[in-house]
Structure formats: C-alpha cells, structure tokens
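Shown next: entry_33.cif, containing mmCIF, C-alpha atoms and all ligand atoms.
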data_my_file
#
loop_
_atom_site.label_atom_id
_atom_site.label_comp_id
_atom_site.auth_asym_id
_atom_site.auth_seq_id
_atom_site.Cartn_x
_atom_site.Cartn_y
_atom_site.Cartn_z
CA MET A 1146 42.73 14.38 -9.67
CA LEU A 1147 40.46 11.85 -11.32
CA ARG A 1148 36.82 12.82 -11.34
CA ASN A 1149 34.40 10.35 -9.72
CA TYR A 1150 31.41 9.40 -11.83
CA PHE A 1151 29.44 8.81 -8.65
CA ASP A 1152 29.82 9.18 -4.91
CA PRO A 1153 32.11 6.27 -3.82
CA ALA A 1154 29.69 5.69 -0.92
CA LEU A 1155 27.22 4.38 -3.53
CA LEU A 1156 29.54 1.54 -4.54
CA PRO A 1157 27.88 -1.17 -2.40
CA GLN A 1158 24.44 -0.23 -3.78
CA ILE A 1159 25.79 -0.19 -7.31
CA GLU A 1160 27.33 -3.62 -6.89
CA THR A 1161 24.02 -4.92 -5.50
CA TYR A 1162 22.22 -3.37 -8.49
CA ILE A 1163 24.54 -5.08 -11.00
CA GLU A 1164 24.33 -8.39 -9.10
CA GLY A 1165 20.54 -8.26 -9.03
CA LEU A 1166 20.44 -7.85 -12.81
CA PHE A 1167 23.39 -9.80 -14.16
CA ALA A 1168 24.87 -12.08 -11.50
CA VAL A 1169 21.97 -13.69 -9.68
CA GLU A 1170 22.98 -16.75 -7.65
CA ASP A 1171 20.90 -19.88 -7.98
CA ASP A 1172 20.56 -22.75 -5.48
CA ALA A 1173 23.79 -24.45 -6.53
CA LEU A 1174 25.88 -21.31 -6.10
CA ARG A 1175 24.24 -20.60 -2.74
CA PHE A 1176 24.90 -24.21 -1.73
CA ALA A 1177 28.62 -23.78 -2.49
CA GLN A 1178 28.63 -20.69 -0.26
CA SER A 1179 26.76 -22.25 2.63
CA GLU A 1180 28.74 -25.52 2.54
CA ALA A 1181 31.97 -23.54 2.72
CA ALA A 1182 30.69 -21.67 5.77
CA ARG A 1183 29.42 -24.87 7.38
CA ALA A 1184 32.85 -26.51 6.92
CA GLY A 1185 34.50 -23.51 8.57
CA MET A 1186 36.34 -22.52 5.39
CA PRO A 1187 37.47 -18.92 4.96
CA ALA A 1188 34.96 -16.70 3.10
CA ILE A 1189 37.38 -15.71 0.37
CA GLN A 1190 35.36 -16.71 -2.68
CA ILE A 1191 35.09 -14.30 -5.54
CA ARG A 1192 31.90 -12.21 -5.65
CA PRO A 1193 28.94 -12.90 -7.94
CA THR A 1194 30.00 -10.06 -10.26
CA ASP A 1195 33.49 -11.58 -10.51
CA GLY A 1196 31.89 -14.95 -11.21
CA MET A 1197 29.80 -13.49 -14.03
CA LEU A 1198 32.89 -11.76 -15.42
CA LEU A 1199 34.78 -15.09 -15.52
CA HIS A 1200 31.76 -16.76 -17.10
CA LEU A 1201 31.60 -14.06 -19.77
CA LEU A 1202 35.32 -14.26 -20.52
CA ALA A 1203 35.07 -18.04 -20.91
CA ARG A 1204 32.09 -17.66 -23.25
CA ALA A 1205 33.75 -14.91 -25.27
CA ALA A 1206 36.81 -17.15 -25.69
CA GLY A 1207 34.61 -20.12 -26.67
CA ALA A 1208 36.47 -22.00 -23.94
CA ARG A 1209 36.42 -25.81 -24.02
CA ARG A 1210 39.29 -26.48 -21.60
CA ILE A 1211 39.71 -24.28 -18.54
CA VAL A 1212 42.25 -24.57 -15.71
CA GLU A 1213 41.45 -23.04 -12.33
CA ILE A 1214 44.17 -22.73 -9.68
CA GLY A 1215 42.57 -22.51 -6.21
CA THR A 1216 39.20 -24.29 -5.93
CA LEU A 1217 38.12 -23.58 -2.34
CA ALA A 1218 34.46 -24.75 -2.22
CA GLY A 1219 33.90 -24.69 -5.97
CA TYR A 1220 32.09 -21.36 -6.11
CA SER A 1221 34.13 -19.75 -8.90
CA GLY A 1222 34.41 -23.17 -10.54
CA ILE A 1223 30.64 -23.36 -10.97
CA TRP A 1224 30.60 -19.98 -12.77
CA LEU A 1225 33.41 -21.18 -15.04
CA ALA A 1226 32.15 -24.70 -15.72
CA ARG A 1227 28.73 -23.38 -16.69
CA ALA A 1228 30.35 -21.51 -19.58
CA LEU A 1229 31.63 -24.78 -21.09
CA PRO A 1230 29.93 -26.80 -23.84
CA PRO A 1231 28.77 -30.29 -22.73
CA ASP A 1232 32.03 -31.88 -23.89
CA GLY A 1233 34.18 -29.15 -22.30
CA ARG A 1234 36.25 -29.59 -19.17
CA LEU A 1235 37.27 -27.59 -16.11
CA TYR A 1236 40.40 -28.78 -14.30
CA THR A 1237 40.39 -27.17 -10.87
CA LEU A 1238 43.44 -27.46 -8.62
CA GLU A 1239 43.27 -27.53 -4.83
CA ALA A 1240 45.91 -28.38 -2.19
CA ASN A 1241 43.59 -28.70 0.82
CA PRO A 1242 41.76 -32.09 0.91
CA LEU A 1243 38.85 -30.68 2.94
CA HIS A 1244 38.33 -27.90 0.40
CA ALA A 1245 38.53 -30.41 -2.45
CA ALA A 1246 35.90 -32.63 -0.79
CA VAL A 1247 33.49 -29.73 -0.26
CA ALA A 1248 34.06 -28.57 -3.85
CA ARG A 1249 33.22 -32.02 -5.23
CA ARG A 1250 29.89 -31.82 -3.40
CA SER A 1251 29.26 -28.34 -4.83
CA PHE A 1252 29.95 -29.51 -8.38
CA ALA A 1253 27.69 -32.54 -7.89
CA ARG A 1254 24.91 -30.32 -6.54
CA ALA A 1255 25.30 -28.11 -9.65
CA GLY A 1256 25.08 -31.15 -11.94
CA LEU A 1257 28.60 -30.50 -13.25
CA THR A 1258 30.42 -33.68 -12.17
CA ASP A 1259 30.89 -34.79 -15.79
CA ARG A 1260 32.52 -31.50 -16.74
CA VAL A 1261 34.82 -30.90 -13.75
CA ASP A 1262 37.99 -32.61 -12.49
CA VAL A 1263 39.11 -31.56 -9.01
CA LEU A 1264 42.86 -32.22 -8.93
CA GLU A 1265 44.06 -32.53 -5.35
CA GLY A 1266 47.57 -31.52 -4.32
CA PRO A 1267 49.96 -28.58 -4.74
CA ALA A 1268 48.97 -26.80 -7.94
CA LEU A 1269 52.47 -26.79 -9.43
CA ASP A 1270 52.50 -30.62 -9.25
CA SER A 1271 49.03 -30.92 -10.79
CA LEU A 1272 49.95 -28.52 -13.60
CA GLN A 1273 52.88 -30.78 -14.46
CA ARG A 1274 50.52 -33.74 -14.65
CA LEU A 1275 47.97 -31.99 -16.90
CA ASP A 1276 48.16 -33.01 -20.53
CA GLY A 1277 50.97 -30.98 -22.09
CA GLY A 1278 49.93 -32.05 -25.57
CA VAL A 1279 46.75 -30.01 -25.74
CA ARG A 1280 46.19 -26.27 -25.63
CA TYR A 1281 43.95 -24.73 -23.01
CA ASP A 1282 41.56 -21.81 -23.58
CA MET A 1283 41.53 -20.13 -20.19
CA VAL A 1284 43.46 -20.16 -16.91
CA PHE A 1285 42.04 -18.61 -13.73
CA ILE A 1286 44.62 -17.98 -11.00
CA ASP A 1287 43.32 -17.60 -7.43
CA ALA A 1288 45.63 -19.47 -5.01
CA ASP A 1289 48.91 -18.69 -3.18
CA LYS A 1290 49.93 -15.22 -4.30
CA ASP A 1291 53.72 -15.90 -4.19
CA THR A 1292 53.31 -18.49 -6.90
CA TYR A 1293 51.31 -16.30 -9.32
CA PRO A 1294 54.41 -15.72 -11.50
CA ALA A 1295 54.96 -19.48 -11.91
CA TYR A 1296 51.27 -20.03 -12.69
CA LEU A 1297 51.48 -17.26 -15.26
CA GLU A 1298 54.46 -18.93 -16.90
CA TRP A 1299 52.53 -22.21 -17.15
CA ALA A 1300 49.54 -20.39 -18.61
CA VAL A 1301 51.58 -18.64 -21.30
CA ALA A 1302 53.18 -21.96 -22.26
CA HIS A 1303 49.90 -23.91 -22.43
CA LEU A 1304 47.22 -21.51 -23.67
CA ARG A 1305 46.31 -21.23 -27.33
CA PRO A 1306 46.74 -17.83 -28.97
CA GLY A 1307 43.61 -15.87 -28.03
CA GLY A 1308 43.43 -17.74 -24.73
CA VAL A 1309 42.53 -15.83 -21.58
CA ILE A 1310 44.26 -15.49 -18.22
CA ALA A 1311 42.38 -14.10 -15.23
CA ALA A 1312 43.95 -13.55 -11.81
CA HIS A 1313 42.05 -12.61 -8.67
CA ASN A 1314 43.10 -10.21 -5.88
CA ALA A 1315 45.11 -8.06 -8.28
CA LEU A 1316 44.42 -5.05 -6.02
CA ARG A 1317 45.21 -6.78 -2.67
CA ASN A 1318 42.61 -4.72 -0.78
CA GLY A 1319 44.25 -1.58 -2.15
CA GLY A 1320 47.71 -2.76 -1.09
CA VAL A 1321 49.09 -2.44 -4.61
CA VAL A 1322 48.83 1.36 -4.44
CA ASN A 1323 49.65 1.58 -0.75
CA PRO A 1324 51.95 -1.41 -0.13
CA HIS A 1325 52.49 -2.55 3.47
CA ASN A 1326 53.73 -6.12 3.28
CA ASP A 1327 55.54 -8.66 1.10
CA GLY A 1328 52.27 -9.82 -0.43
CA ASP A 1329 51.44 -6.30 -1.61
CA TYR A 1330 54.87 -5.94 -3.22
CA ALA A 1331 54.59 -9.41 -4.77
CA MET A 1332 51.26 -8.48 -6.39
CA ARG A 1333 52.74 -5.22 -7.68
CA ARG A 1334 55.56 -7.22 -9.31
CA PHE A 1335 53.07 -9.72 -10.74
CA ASN A 1336 50.84 -6.99 -12.22
CA ALA A 1337 53.91 -5.27 -13.73
CA MET A 1338 55.14 -8.58 -15.16
CA VAL A 1339 51.81 -9.11 -16.91
CA ALA A 1340 51.59 -5.48 -18.08
CA ARG A 1341 55.05 -5.67 -19.69
CA HIS A 1342 54.75 -9.19 -21.07
CA PRO A 1343 55.41 -9.10 -24.82
CA ARG A 1344 52.70 -11.68 -25.58
CA LEU A 1345 49.95 -10.43 -23.26
CA VAL A 1346 47.34 -7.73 -23.78
CA SER A 1347 46.05 -6.99 -20.30
CA SER A 1348 44.39 -4.82 -17.71
CA VAL A 1349 42.96 -4.99 -14.21
CA ILE A 1350 39.21 -4.69 -13.89
CA ALA A 1351 38.57 -2.90 -10.62
CA ILE A 1352 35.58 -4.86 -9.39
CA GLY A 1353 35.76 -6.59 -6.02
CA ASP A 1354 39.44 -7.06 -5.13
CA GLY A 1355 40.54 -6.57 -8.72
CA MET A 1356 40.50 -9.07 -11.56
CA LEU A 1357 43.54 -9.02 -13.79
CA VAL A 1358 42.58 -10.08 -17.32
CA ALA A 1359 45.04 -10.90 -20.11
CA VAL A 1360 44.74 -12.30 -23.62
CA LEU A 1361 47.62 -14.24 -25.19
CA SER A 1362 48.71 -13.16 -28.66
CA SER A 1363 50.46 -15.34 -31.24
CA GLU A 1364 54.19 -15.93 -31.03
CA SER A 1365 56.55 -13.44 -32.76
N1 LIG A 1401 38.62 -19.57 -6.52
C1 LIG A 1401 37.90 -19.79 -5.28
C2 LIG A 1401 38.66 -19.24 -4.09
C3 LIG A 1401 40.04 -19.81 -3.94
S1 LIG A 1401 40.75 -19.43 -2.37
C4 LIG A 1401 36.55 -19.13 -5.38
O1 LIG A 1401 36.52 -17.94 -5.71
O2 LIG A 1401 35.51 -19.77 -5.14
C5 LIG A 1401 42.35 -20.09 -2.57
C6 LIG A 1401 42.43 -21.62 -2.54
O3 LIG A 1401 43.71 -21.97 -3.01
C7 LIG A 1401 42.28 -22.22 -1.14
O4 LIG A 1401 41.28 -23.21 -1.15
C8 LIG A 1401 43.65 -22.83 -0.86
O5 LIG A 1401 43.59 -24.04 -0.13
C9 LIG A 1401 44.16 -23.09 -2.28
N2 LIG A 1401 45.63 -23.12 -2.40
C10 LIG A 1401 46.54 -22.33 -1.78
N3 LIG A 1401 47.78 -22.64 -2.18
C11 LIG A 1401 47.67 -23.66 -3.07
C12 LIG A 1401 48.59 -24.42 -3.83
N4 LIG A 1401 49.91 -24.20 -3.79
N5 LIG A 1401 48.13 -25.39 -4.65
C13 LIG A 1401 46.78 -25.61 -4.74
N6 LIG A 1401 45.87 -24.92 -4.04
C14 LIG A 1401 46.29 -23.96 -3.21
MG MG A 1402 40.96 -14.66 -4.40
#
Structure encoded using structure tokens:
Amino acid sequence: MLRNYFDPALLPQIETYIEGLFAVEDDALRFAQSEAARAGMPAIQIRPTDGMLLHLLARAAGARRIVEIGTLAGYSGIWLARALPPDGRLYTLEANPLHAAVARRSFARAGLTDRVDVLEGPALDSLQRLDGGVRYDMVFIDADKDTYPAYLEWAVAHLRPGGVIAAHNALRNGGVVNPHNDGDYAMRRFNAMVARHPRLVSSVIAIGDGMLVAVLSSES
C-alpha cells in the first residue's frame, strides 16, 4: 500500500495554502466566475491551481499560439492567454452561444480581447477551420469527453515538436480507477491512448479532477 505523505483530510487546506501563495485570483478571474454563476452556467471551471498549472505549461513552452477546446465563461482561457506574449493568440472553441457571449465579456474585462478569438460552434468544425499551415504550441482539451480522442488526434497533427497537450478531468472524479459508466471507461481509454502514444511523453497530475499533460516529440 502506498504511504500517504499527509493525512488525506488535510487536502482541502493544502490546496487553499497553494492557492493563497501561487494561484491568487484577481478581479478579472473573479469576474469570469461570478458572470458564469449569474448566467446560470454550470460551475465546472478548472480550479485556480489548475489554471496556474496551465499558465506555467504555456510559459515553459514559450507558447505563442494556443488552442483551447471548451471555453465555458473564459476562466481557464484567462489563465492561458495571460501566458502569451503581446503578439500571441489564444483560439478558444465553444459550442454554446450563451457561454461564448459570457466568455467574450470575461476576456474584455481582463483586457485580453486583442489576444483571444472565441470560435463559436462545434469544436471539430472550428478545428477544421483553424489555419492548418501553422504549428501550434499548446492545446488544452476540456469539452465533451467522448470526443477527446479526436481532439488528441488534431493536436498531434498540428502541434510543433515540444508542443504541449493538457486535458482536464483525466480522473473523472475517481471514476477511472472505479469505473461506473461509459464516461469513466471512455476516459480510461483516452488516458491509455495517450500513455501508449509513440510520440507523446505524458502523465496525469493529480490535482483537482486530474490534468493529463503530454509533450509531443519529433517524428521518427
Ligand atoms: N475550460 C473551461 C471549462 C469548460 S466546460 C474552464 O475551465 O473555464 C466545457 C465546455 O465545453 C462547455 O462550455 C460546453 O458548452 C463546451 N462544449 C461541449 N461540447 C462541445 C463541443 N463539441 N464543441 C465545443 N464546445 C463544446
Ligand atoms: Mg473540465
């Protein structure tokens, strides 16, 4: 049996401790949260510590072009877009027009309008319309779980070597180790697909609901 480093009951306090030091929300991030609540949207945003993780990954990759699949109210998008240089770009894909409208307000409030494109419509359609002639630096997947494998395929085909893939809900509330429904099994298959992919170096970081992280290596 694996030894615990600390009493699991301390986890909420530990997360609050890390948040208070490293992932402090400012007005714009809080605005994205409160606008989502006000519009009656589901509270399924990533957590501040996930947001900081995405921000760090984007910085470490020197990302200039990021694709996000699943915008919701723009919360994760703000963390990502803030990692970009002034001439960088976040393309964030959202099927629900209400969500897209709220997200545009969040990005405006954060002063990021010039760096963010909210692409409305089913993500697979928007991905087809994105410029296929350029390489992207990072793809964050956080939409319909059934389609994760197709999003992964797009990411592998369009990232530069060294580019980063992140995928949220990799643990499905624990369902990947104790599967109860189709979604749990689908996420298990997705995680295994990434783990065995010949061009991906990957792991799941067990913060929040699990953030799968992968780096693309060169061909051959
Ligand atoms: N990344 C966001 C949360 C995204 S929630 C954050 O952490 O702040 C998932 C979002 O994906 C929802 O807004 C939902 O409307 C959207 N979505 C679901 N299926 C989609 C699809 N096929 N194409 C585009 N967006 C989709
Ligand atoms: Mg999610």
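Shortest atom-to-atom contact with ligand LIG 1401 (chain A) among A:Arg1209, A:Arg1234, A:His1244, A:Arg1204: A:His1244, counting only C-alpha atoms and all ligand atoms.
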So that I can see what lies close to range 1284-1298 of chain A, please list as a PDB file with C-alpha atoms, in the coordinates of the input the residues with an atom at most 6 Å from it, counting all atoms listed in the file and leaving out residues fewer than 5 positions away in the same chain.
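What follows is the written file around36.pdb:
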ATOM      1  CA  ILE A1211      39.710 -24.280 -18.540  1.00  0.00           C
ATOM      2  CA  VAL A1212      42.250 -24.570 -15.710  1.00  0.00           C
ATOM      3  CA  GLU A1213      41.450 -23.040 -12.330  1.00  0.00           C
ATOM      4  CA  ILE A1214      44.170 -22.730  -9.680  1.00  0.00           C
ATOM      5  CA  GLY A1215      42.570 -22.510  -6.210  1.00  0.00           C
ATOM      6  CA  ILE A1310      44.260 -15.490 -18.220  1.00  0.00           C
ATOM      7  CA  ALA A1311      42.380 -14.100 -15.230  1.00  0.00           C
ATOM      8  CA  ALA A1312      43.950 -13.550 -11.810  1.00  0.00           C
ATOM      9  CA  HIS A1313      42.050 -12.610  -8.670  1.00  0.00           C
TER      10      HIS A1313
END
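Atom pair CA of Phe1335 in chain A / CA of Val1349 in chain A has a distance of 11.7 Å (rounded to one decimal).
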| field | 6 Å shell around ligand LIG 1401 (chain A) using all atoms listed in the file, listed as an MDAnalysis selection string | value | chainID A and resid 1189:1191 1215:1221 1238:1241 1244 1266:1268 1287:1289
With only C-alpha atoms as the counted atoms, please give the residues lying no more than 12 Å from Ala1177 in chain A, apart from itself and same-chain residues fewer than 5 positions off, as a short mmCIF file (atom, residue, chain, number, x, y, z; two decimals) with C-alpha atoms, in the coordinates of the input.
data_model
loop_
_atom_site.label_atom_id
_atom_site.label_comp_id
_atom_site.auth_asym_id
_atom_site.auth_seq_id
_atom_site.Cartn_x
_atom_site.Cartn_y
_atom_site.Cartn_z
CA GLU A 1170 22.98 -16.75 -7.65
CA ASP A 1171 20.90 -19.88 -7.98
CA ASP A 1172 20.56 -22.75 -5.48
CA ALA A 1182 30.69 -21.67 5.77
CA ARG A 1183 29.42 -24.87 7.38
CA ALA A 1184 32.85 -26.51 6.92
CA MET A 1186 36.34 -22.52 5.39
CA ALA A 1188 34.96 -16.70 3.10
CA GLN A 1190 35.36 -16.71 -2.68
CA ILE A 1191 35.09 -14.30 -5.54
CA THR A 1216 39.20 -24.29 -5.93
CA LEU A 1217 38.12 -23.58 -2.34
CA ALA A 1218 34.46 -24.75 -2.22
CA GLY A 1219 33.90 -24.69 -5.97
CA TYR A 1220 32.09 -21.36 -6.11
CA SER A 1221 34.13 -19.75 -8.90
CA GLY A 1222 34.41 -23.17 -10.54
CA ILE A 1223 30.64 -23.36 -10.97
CA TRP A 1224 30.60 -19.98 -12.77
CA HIS A 1244 38.33 -27.90 0.40
CA ALA A 1245 38.53 -30.41 -2.45
CA ALA A 1246 35.90 -32.63 -0.79
CA VAL A 1247 33.49 -29.73 -0.26
CA ALA A 1248 34.06 -28.57 -3.85
CA ARG A 1249 33.22 -32.02 -5.23
CA ARG A 1250 29.89 -31.82 -3.40
CA SER A 1251 29.26 -28.34 -4.83
CA PHE A 1252 29.95 -29.51 -8.38
CA ALA A 1253 27.69 -32.54 -7.89
CA ARG A 1254 24.91 -30.32 -6.54
CA ALA A 1255 25.30 -28.11 -9.65
#
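Among the candidate residues A:Val1309, A:Thr1237, A:Tyr1330, A:Arg1260, the one lying nearest to Leu1199 in chain A is A:Val1309, with distances computed using all atoms listed in the file.
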Atoms added to range 1269-1298 of chain A (N, CA and C atoms), reported as a compact mmCIF listing (two decimals), keeping the file's coordinate frame:
# COMPACT_ATOMS: atom_id res chain seq x y z
N LEU A 1269 51.35 -26.66 -8.49
CA LEU A 1269 52.47 -26.79 -9.43
C LEU A 1269 52.65 -28.26 -9.85
N ASP A 1270 52.41 -29.19 -8.90
CA ASP A 1270 52.50 -30.62 -9.25
C ASP A 1270 51.38 -31.01 -10.21
N SER A 1271 50.16 -30.56 -9.92
CA SER A 1271 49.03 -30.92 -10.79
C SER A 1271 49.21 -30.34 -12.19
N LEU A 1272 49.74 -29.13 -12.28
CA LEU A 1272 49.95 -28.52 -13.60
C LEU A 1272 50.90 -29.38 -14.43
N GLN A 1273 51.92 -29.93 -13.76
CA GLN A 1273 52.88 -30.78 -14.46
C GLN A 1273 52.21 -32.03 -15.00
N ARG A 1274 51.19 -32.50 -14.24
CA ARG A 1274 50.52 -33.74 -14.65
C ARG A 1274 49.45 -33.51 -15.70
N LEU A 1275 49.00 -32.25 -15.88
CA LEU A 1275 47.97 -31.99 -16.90
C LEU A 1275 48.57 -32.26 -18.28
N ASP A 1276 47.72 -32.66 -19.18
CA ASP A 1276 48.16 -33.01 -20.53
C ASP A 1276 48.89 -31.84 -21.19
N GLY A 1277 50.18 -32.03 -21.46
CA GLY A 1277 50.97 -30.98 -22.09
C GLY A 1277 50.77 -30.94 -23.59
N GLY A 1278 50.09 -31.95 -24.12
CA GLY A 1278 49.93 -32.05 -25.57
C GLY A 1278 48.74 -31.29 -26.13
N VAL A 1279 47.90 -30.78 -25.25
CA VAL A 1279 46.75 -30.01 -25.74
C VAL A 1279 46.89 -28.56 -25.29
N ARG A 1280 46.20 -27.69 -26.00
CA ARG A 1280 46.19 -26.27 -25.63
C ARG A 1280 44.94 -25.98 -24.79
N TYR A 1281 45.08 -25.12 -23.85
CA TYR A 1281 43.95 -24.73 -23.01
C TYR A 1281 43.44 -23.35 -23.47
N ASP A 1282 42.19 -23.05 -23.10
CA ASP A 1282 41.56 -21.81 -23.58
C ASP A 1282 41.55 -20.71 -22.53
N MET A 1283 41.62 -21.12 -21.25
CA MET A 1283 41.53 -20.13 -20.19
C MET A 1283 42.18 -20.68 -18.93
N VAL A 1284 42.88 -19.81 -18.21
CA VAL A 1284 43.46 -20.16 -16.91
C VAL A 1284 43.02 -19.09 -15.91
N PHE A 1285 42.42 -19.53 -14.80
CA PHE A 1285 42.04 -18.61 -13.73
C PHE A 1285 42.92 -18.87 -12.52
N ILE A 1286 43.65 -17.86 -12.10
CA ILE A 1286 44.62 -17.98 -11.00
C ILE A 1286 44.04 -17.33 -9.75
N ASP A 1287 43.90 -18.13 -8.67
CA ASP A 1287 43.32 -17.60 -7.43
C ASP A 1287 43.79 -18.42 -6.22
N ALA A 1288 45.10 -18.69 -6.15
CA ALA A 1288 45.63 -19.47 -5.01
C ALA A 1288 46.74 -18.67 -4.34
N ASP A 1289 47.80 -19.35 -3.89
CA ASP A 1289 48.91 -18.69 -3.18
C ASP A 1289 49.55 -17.61 -4.04
N LYS A 1290 49.55 -16.39 -3.49
CA LYS A 1290 49.93 -15.22 -4.30
C LYS A 1290 51.40 -15.25 -4.72
N ASP A 1291 52.29 -15.84 -3.86
CA ASP A 1291 53.72 -15.90 -4.19
C ASP A 1291 53.98 -16.67 -5.47
N THR A 1292 53.07 -17.59 -5.77
CA THR A 1292 53.31 -18.49 -6.90
C THR A 1292 52.64 -17.98 -8.18
N TYR A 1293 51.96 -16.85 -8.11
CA TYR A 1293 51.31 -16.30 -9.32
C TYR A 1293 52.26 -16.24 -10.53
N PRO A 1294 53.53 -15.78 -10.34
CA PRO A 1294 54.41 -15.72 -11.50
C PRO A 1294 54.63 -17.09 -12.16
N ALA A 1295 54.77 -18.14 -11.34
CA ALA A 1295 54.96 -19.48 -11.91
C ALA A 1295 53.70 -19.96 -12.61
N TYR A 1296 52.53 -19.65 -12.04
CA TYR A 1296 51.27 -20.03 -12.69
C TYR A 1296 51.12 -19.29 -14.03
N LEU A 1297 51.54 -18.04 -14.03
CA LEU A 1297 51.48 -17.26 -15.26
C LEU A 1297 52.34 -17.89 -16.35
N GLU A 1298 53.54 -18.32 -15.94
CA GLU A 1298 54.46 -18.93 -16.90
C GLU A 1298 53.83 -20.20 -17.50
